[in-house]
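So this block is input_23.txt, compact mmCIF, C-alpha atoms:
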# COMPACT_ATOMS: atom_id res chain seq x y z
CA MET A 233 0.00 0.00 0.00
CA SER A 234 1.40 3.39 -0.98
CA ARG A 235 1.96 5.91 1.78
CA THR A 236 1.21 9.63 1.66
CA PRO A 237 4.31 11.71 2.42
CA THR A 238 4.18 13.05 5.97
CA HIS A 239 5.70 15.96 7.83
CA ASP A 240 8.33 13.57 9.19
CA ASP A 241 9.24 12.62 5.64
CA ALA A 242 9.77 16.27 4.89
CA LEU A 243 12.05 16.53 7.89
CA LEU A 244 14.01 13.57 6.62
CA ASP A 245 14.40 15.18 3.20
CA ARG A 246 15.53 18.41 4.85
CA ALA A 247 18.03 16.82 7.23
CA PRO A 248 21.05 18.05 5.23
CA ASP A 249 19.51 21.54 5.18
CA LEU A 250 19.33 21.61 8.97
CA ALA A 251 23.09 21.36 9.14
CA ALA A 252 23.49 23.92 6.38
CA SER A 253 21.12 26.33 8.15
CA GLU A 254 23.52 26.56 11.07
CA THR A 255 25.74 28.95 9.13
CA GLU A 256 25.10 32.63 8.67
CA PRO A 257 23.34 33.72 5.52
CA GLY A 258 25.58 35.53 3.08
CA SER A 259 26.70 33.01 0.51
CA ARG A 260 25.78 35.12 -2.50
CA GLY A 261 29.36 36.24 -3.07
CA GLY A 262 30.89 39.68 -3.30
CA ASP A 263 32.67 41.94 -0.87
CA GLU A 264 29.52 42.58 1.12
CA ASP A 265 29.25 38.90 1.98
CA ALA A 266 32.91 38.68 2.87
CA ALA A 267 32.40 41.26 5.58
CA GLN A 268 29.60 39.35 7.24
CA PRO A 269 30.46 37.09 10.20
CA THR A 270 30.00 33.40 9.63
CA ALA A 271 28.75 31.03 12.31
CA ALA A 272 30.76 27.95 13.12
CA LEU A 273 30.13 24.90 10.96
CA PRO A 274 28.09 22.16 12.64
CA SER A 275 30.22 19.97 14.84
CA PRO A 276 30.60 16.22 14.24
CA ALA A 277 28.32 15.66 17.23
CA THR A 278 25.61 17.82 15.66
CA ARG A 279 25.94 16.11 12.29
CA GLN A 280 25.61 12.74 14.00
CA LEU A 281 22.47 13.93 15.79
CA ILE A 282 20.97 14.94 12.44
CA LEU A 283 21.73 11.54 10.92
CA ASP A 284 20.38 9.69 13.96
CA HIS A 285 17.18 11.73 13.88
CA ALA A 286 16.66 11.09 10.18
CA ARG A 287 17.12 7.37 10.73
CA THR A 288 14.66 7.38 13.65
CA VAL A 289 12.07 9.27 11.61
CA ALA A 290 12.34 6.78 8.75
CA GLU A 291 11.95 3.82 11.10
CA GLN A 292 8.97 5.42 12.82
CA ALA A 293 7.27 6.13 9.49
CA ASP A 294 7.65 2.47 8.54
CA ARG A 295 6.15 1.36 11.86
CA HIS A 296 3.18 3.71 11.37
CA ALA A 297 2.60 2.29 7.89
CA VAL A 298 2.63 -1.28 9.21
CA THR A 299 0.21 -0.36 12.00
CA LEU A 300 -2.24 1.31 9.62
CA GLU A 301 -2.07 -1.60 7.20
CA SER A 302 -2.70 -4.02 10.07
CA ILE A 303 -5.75 -2.11 11.27
CA LEU A 304 -7.18 -1.92 7.75
CA ALA A 305 -6.60 -5.65 7.26
CA ILE A 306 -8.44 -6.39 10.53
CA LEU A 307 -11.40 -4.18 9.64
CA ARG A 308 -11.66 -5.70 6.15
CA SER A 309 -11.30 -9.30 7.30
CA ARG A 310 -14.24 -11.59 6.54
CA LYS A 311 -13.12 -13.99 9.26
CA LEU A 312 -14.01 -11.56 12.05
CA ASP A 313 -17.39 -10.19 13.03
CA ASP A 314 -17.76 -6.47 13.72
CA ARG A 315 -17.31 -6.78 17.49
CA ALA A 316 -14.17 -8.91 17.25
CA ALA A 317 -12.71 -6.70 14.53
CA ARG A 318 -13.24 -3.55 16.58
CA ALA A 319 -11.69 -5.13 19.68
CA LEU A 320 -8.64 -6.39 17.79
CA ALA A 321 -8.17 -3.10 15.94
CA THR A 322 -8.40 -1.24 19.24
CA ASP A 323 -5.70 -3.47 20.76
CA VAL A 324 -3.39 -2.88 17.80
CA ALA A 325 -3.96 0.89 17.93
CA ALA A 326 -3.43 1.01 21.71
CA GLY A 327 -0.17 -0.90 21.40
CA ALA A 328 0.99 1.44 18.65
CA LEU A 329 0.17 4.49 20.79
CA VAL A 330 2.23 3.14 23.68
CA GLY A 331 5.12 2.54 21.28
CA LEU A 332 4.72 6.03 19.81
CA ARG A 333 4.88 7.68 23.22
CA THR A 334 7.98 5.72 24.14
CA SER A 335 9.60 6.57 20.81
CA THR A 336 8.66 10.24 21.22
CA ASP A 337 10.41 10.37 24.60
CA GLU A 338 13.52 8.85 23.05
CA GLN A 339 13.41 11.21 20.07
CA ARG A 340 13.15 14.22 22.33
CA ASP A 341 16.74 13.64 23.37
CA SER A 342 18.07 12.93 19.87
CA MET A 343 16.25 15.26 17.48
CA ILE A 344 17.42 18.66 16.29
CA GLU A 345 15.30 21.82 16.65
CA PRO A 346 16.01 25.15 14.94
CA VAL A 347 16.63 27.63 17.73
CA THR A 348 13.85 29.95 16.53
CA GLY A 349 11.40 27.03 16.41
CA ALA A 350 12.32 25.98 19.94
CA PHE A 351 11.79 29.56 21.12
CA ALA A 352 8.41 29.73 19.38
CA ARG A 353 7.34 26.60 21.25
CA LEU A 354 8.37 28.29 24.48
CA ARG A 355 6.17 31.30 23.70
CA SER A 356 3.29 28.95 23.01
CA ASP A 357 3.88 27.15 26.33
CA LEU A 358 3.73 30.43 28.25
CA ARG A 359 0.76 31.90 26.38
CA PRO A 360 -1.83 30.84 29.04
CA LEU A 361 0.01 32.91 31.67
CA VAL A 362 -0.50 36.00 29.53
CA ARG A 363 -4.02 35.18 28.41
CA HIS A 364 -5.41 34.40 31.86
CA GLY A 365 -3.33 36.71 34.04
CA ASP A 366 -1.84 40.17 34.34
CA LEU A 367 1.76 39.10 33.73
CA ASP A 368 3.60 40.96 30.97
CA LEU A 369 5.99 38.58 29.23
CA GLN A 370 8.60 40.15 26.95
CA PHE A 371 10.46 37.87 24.53
CA VAL A 372 13.81 38.65 22.93
CA GLU A 373 14.20 36.10 20.16
CA PRO A 374 17.51 34.38 19.36
CA PRO A 375 19.15 35.06 15.98
CA ALA A 376 17.66 32.97 13.20
CA SER A 377 21.18 32.04 12.13
CA GLY A 378 21.99 30.45 15.48
CA ARG A 379 22.91 26.80 15.69
CA ALA A 380 20.11 24.26 15.84
CA LEU A 381 19.55 22.84 19.31
CA PRO A 382 19.84 19.18 20.29
CA GLY A 383 16.42 17.99 21.45
CA GLU A 384 17.52 17.52 25.05
CA VAL A 385 18.90 21.07 25.20
CA ALA A 386 15.73 22.57 23.66
CA HIS A 387 13.48 20.63 26.04
CA THR A 388 15.60 21.55 29.07
CA ALA A 389 15.76 25.23 28.06
CA ARG A 390 11.97 25.48 27.83
CA ALA A 391 11.55 23.71 31.17
CA ILE A 392 14.06 26.07 32.79
CA VAL A 393 12.24 29.17 31.57
CA ARG A 394 8.85 27.82 32.65
CA SER A 395 10.21 27.02 36.12
CA ALA A 396 11.86 30.43 36.41
CA VAL A 397 8.71 32.32 35.41
CA LEU A 398 6.65 30.37 37.95
CA ALA A 399 9.29 31.03 40.61
CA PHE A 400 9.08 34.77 39.89
CA VAL A 401 5.30 34.74 40.05
CA ASP A 402 5.32 32.81 43.34
CA GLN A 403 7.52 35.50 44.88
CA GLY A 404 4.72 38.01 44.35
CA GLU A 405 4.79 41.61 43.09
CA THR A 406 6.12 40.50 39.68
CA SER A 407 4.30 42.18 36.82
CA ARG A 408 6.88 41.86 34.02
CA VAL A 409 9.33 39.14 32.97
CA ARG A 410 11.85 39.50 30.16
CA ILE A 411 13.05 36.30 28.48
CA GLN A 412 16.03 36.25 26.13
CA TRP A 413 17.80 33.46 24.26
CA ASP A 414 21.08 33.83 22.41
CA CYS A 415 23.75 31.54 20.93
CA ASP A 416 27.50 31.97 20.90
CA GLY A 417 28.17 29.00 18.63
CA LEU A 418 28.94 26.61 21.47
CA ASN A 419 26.24 27.38 24.04
CA LEU A 420 22.62 28.41 24.38
CA LEU A 421 22.54 31.50 26.59
CA ILE A 422 19.34 32.18 28.54
CA GLY A 423 18.56 35.38 30.41
CA ILE A 424 15.41 35.78 32.52
CA ARG A 425 14.71 39.01 34.42
CA ASP A 426 11.73 40.19 36.46
CA ASP A 427 10.67 43.40 38.20
CA GLY A 428 9.69 41.75 41.50
CA ARG A 429 11.01 42.08 45.03
CA GLY A 430 14.53 40.99 44.07
CA GLU A 431 14.92 38.43 46.85
CA LEU A 432 15.78 35.27 44.90
CA THR A 433 19.11 33.52 45.52
CA ALA A 434 20.76 30.52 43.89
CA HIS A 435 19.87 28.51 47.02
CA ASP A 436 16.15 29.24 46.84
CA ASP A 437 14.08 26.02 46.87
CA SER A 438 11.98 27.22 43.95
CA LEU A 439 15.11 27.30 41.76
CA ARG A 440 16.37 23.84 42.71
CA PRO A 441 14.80 22.13 39.65
CA ILE A 442 16.59 24.63 37.42
CA VAL A 443 19.94 24.04 39.12
CA GLU A 444 19.55 20.28 38.72
CA ARG A 445 18.60 20.52 35.04
CA VAL A 446 21.53 22.81 34.26
CA ALA A 447 23.99 20.58 36.12
CA ALA A 448 22.74 17.51 34.24
CA LEU A 449 23.82 19.10 30.95
CA GLY A 450 27.12 20.43 32.27
CA GLY A 451 26.00 24.06 32.08
CA SER A 452 26.26 27.00 34.46
CA PHE A 453 23.67 28.97 36.42
CA ALA A 454 23.81 32.31 38.23
CA VAL A 455 21.35 34.59 40.01
CA SER A 456 21.73 38.27 40.79
CA SER A 457 19.07 40.16 42.73
CA THR A 458 18.62 43.77 43.76
CA ALA A 459 16.08 44.43 46.49
CA GLY A 460 13.12 46.34 45.12
CA TRP A 461 14.33 46.04 41.52
CA GLY A 462 14.02 42.35 40.69
CA SER A 463 16.14 39.29 39.94
CA ASP A 464 18.19 38.25 36.93
CA LEU A 465 18.83 34.59 36.08
CA SER A 466 21.63 33.63 33.68
CA VAL A 467 21.93 30.13 32.26
CA ARG A 468 24.48 28.59 29.90
CA LEU A 469 23.71 25.24 28.25
CA PRO A 470 26.40 23.57 26.08
CA LEU A 471 25.11 22.60 22.64
CA ASP A 472 27.47 19.63 22.26
CA PRO A 473 27.49 16.62 24.61
CA PRO A 474 30.57 16.41 26.83
CA ALA A 475 33.38 14.32 25.45
CA ALA A 476 33.66 10.85 26.89
CA PRO A 477 36.39 10.74 29.54
CA GLU A 478 39.63 9.16 28.43
CA LEU A 479 40.17 5.82 30.09
CA LEU A 480 43.13 5.37 32.41
CA ASP A 481 44.61 2.66 30.21
CA ASP A 482 44.69 5.16 27.34
CA ARG A 483 46.27 7.97 29.37
CA VAL A 484 49.16 6.34 31.21
CA PRO A 485 51.44 3.39 30.41
CA LEU A 486 50.46 0.27 32.35
CA SER A 487 52.16 -3.08 32.56
CA PRO A 488 50.17 -6.21 31.62
CA ARG A 489 49.87 -7.12 35.33
CA GLU A 490 48.66 -3.63 36.21
CA ARG A 491 46.00 -3.91 33.53
CA ASP A 492 44.86 -7.22 35.02
CA VAL A 493 44.66 -5.71 38.51
CA LEU A 494 42.90 -2.59 37.23
CA ARG A 495 40.30 -4.68 35.41
CA LEU A 496 39.53 -6.64 38.58
CA VAL A 497 39.45 -3.51 40.75
CA ALA A 498 36.95 -2.02 38.32
CA SER A 499 34.78 -5.14 38.69
CA GLY A 500 34.62 -4.55 42.44
CA ALA A 501 36.93 -7.38 43.51
CA ARG A 502 38.83 -6.99 46.79
CA ASN A 503 42.56 -7.61 47.20
CA ARG A 504 42.22 -11.22 48.38
CA ALA A 505 39.97 -12.15 45.45
CA ILE A 506 42.34 -10.44 43.01
CA ALA A 507 45.29 -12.31 44.49
CA GLU A 508 43.53 -15.65 44.16
CA ARG A 509 42.41 -14.89 40.64
CA LEU A 510 45.86 -13.87 39.42
CA GLY A 511 47.86 -16.34 41.54
CA ILE A 512 49.83 -13.65 43.38
CA THR A 513 50.06 -12.52 47.00
CA GLU A 514 47.86 -9.86 48.58
CA ASN A 515 50.94 -7.73 49.22
CA THR A 516 51.70 -7.79 45.50
CA VAL A 517 48.11 -6.74 44.77
CA LYS A 518 48.44 -3.87 47.26
CA PHE A 519 51.66 -2.81 45.53
CA HIS A 520 49.97 -2.74 42.11
CA VAL A 521 46.90 -0.91 43.45
CA SER A 522 49.15 1.70 45.08
CA ASN A 523 50.98 2.24 41.79
CA LEU A 524 47.68 2.52 39.91
CA LEU A 525 46.35 5.13 42.35
CA ARG A 526 49.56 7.14 41.97
CA LYS A 527 49.55 6.98 38.15
CA ALA A 528 45.86 7.87 37.95
CA GLY A 529 46.05 10.64 40.53
CA ALA A 530 43.11 8.95 42.29
CA VAL A 531 42.52 8.92 46.03
CA SER A 532 40.28 5.85 46.34
CA ARG A 533 39.55 2.50 44.73
CA SER A 534 36.11 3.74 43.62
CA GLU A 535 37.68 6.67 41.79
CA LEU A 536 40.20 4.32 40.23
CA ALA A 537 37.40 2.01 39.12
CA ALA A 538 35.53 4.92 37.56
CA LEU A 539 38.60 5.88 35.55
CA ALA A 540 38.91 2.32 34.30
CA SER A 541 35.28 1.89 33.24
CA PRO A 542 34.06 2.99 29.79

Full structure transcribed into structure tokens:
Amino acid sequence: MSRTPTHDDALLDRAPDLAASETEPGSRGGDEDAAQPTAALPSPATRQLILDHARTVAEQADRHAVTLESILAILRSRKLDDRAARALATDVAAGALVGLRTSTDEQRDSMIEPVTGAFARLRSDLRPLVRHGDLDLQFVEPPASGRALPGEVAHTARAIVRSAVLAFVDQGETSRVRIQWDCDGLNLLIGIRDDGRGELTAHDDSLRPIVERVAALGGSFAVSSTAGWGSDLSVRLPLDPPAAPELLDDRVPLSPRERDVLRLVASGARNRAIAERLGITENTVKFHVSNLLRKAGAVSRSELAALASP
């Protein structure tokens, strides 16, 4: 059965354009273009995210097609009466919905969002606060030429702003909140300022969810408040995932016996078990462990194990 092209298919076709859109416009040639600044080319991590997203979209489209074909086959079957057909079709649809929700959660962390699109979704999320209250929300949009955001960064950024706005409102006396996003090529920069009492601190309980979200992405968070004038929140979220730590075995030269001991330490084995396993004395194991701690600059076996584990 032929399938009508979907919005996801369009995204798949445009995947190469998403990477290309991360550079500044100005490719028409001439001296005027040469004077314009050019954004950094997409990093290998970003290009991989684009490819992974395109692959996920294609797989999901195929699953949707199979589900629809299955439901149609059930409803057209002459072997089932109407009641049985409806029940079976409902089961198939319910199972597909569960799979879709799970897949959507996974895609949220892997997809790419244009920064202006992510900001537009934020405005939509906050619209009820403006429509049903007296709060004046002012939005300063990010540059359209800014790098596209990994899905996890876009989701976290929107959640941070929502939490911050609610924290301002809960403080009372806040009538205006200014929200600004910007990109420096490597980070998403978020600024949120209100005109409230100016009593928020980084240790305020209402800001704890923000601190935890920022820390999870390896970003930074700061609060400055002036009594009677309001508070200003500054957030930096890296756009690229942190590089995987280099394993100890790759950083320092180890003897074959030290590698054996390190592998067993990383598995949680104690000195006696390591000695029995390798056919050496406990004192020899202690000697090797001491050398490994010194070479790694570690202060405990747990830290040493962490450095040895991928």

Neighbours of Thr516 (chain A) within 12 Å (only C-alpha atoms; same-chain residues fewer than 6 positions away dropped), as an mmCIF file with C-alpha atoms, keeping the file's coordinate frame?
data_model
loop_
_atom_site.group_PDB
_atom_site.id
_atom_site.type_symbol
_atom_site.label_atom_id
_atom_site.label_comp_id
_atom_site.auth_asym_id
_atom_site.auth_seq_id
_atom_site.Cartn_x
_atom_site.Cartn_y
_atom_site.Cartn_z
ATOM 1 C CA ARG A 489 49.870 -7.120 35.330
ATOM 2 C CA GLU A 490 48.660 -3.630 36.210
ATOM 3 C CA VAL A 493 44.660 -5.710 38.510
ATOM 4 C CA ASN A 503 42.560 -7.610 47.200
ATOM 5 C CA ARG A 504 42.220 -11.220 48.380
ATOM 6 C CA ILE A 506 42.340 -10.440 43.010
ATOM 7 C CA ALA A 507 45.290 -12.310 44.490
ATOM 8 C CA GLU A 508 43.530 -15.650 44.160
ATOM 9 C CA LEU A 510 45.860 -13.870 39.420
ATOM 10 C CA SER A 522 49.150 1.700 45.080
ATOM 11 C CA ASN A 523 50.980 2.240 41.790
#

- prompt: Quick one, how far is CA of Ala537 (chain A) from CA of Pro470 (chain A)?
  reply: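 Here the two named atoms are 27.5 Å from each other.
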
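The closest residue to Gly451 (chain A), picked from A:Ser302, A:Ser499, A:Ser466, A:Thr433 and counting all atoms listed in the file, is A:Ser466.
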
message: Report, in Å to a single decimal, how far apart CA of Glu384 (chain A) and CA of Val455 (chain A) are.
response: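 CA of Val455 (chain A) sits 23.0 Å away from CA of Glu384 (chain A).
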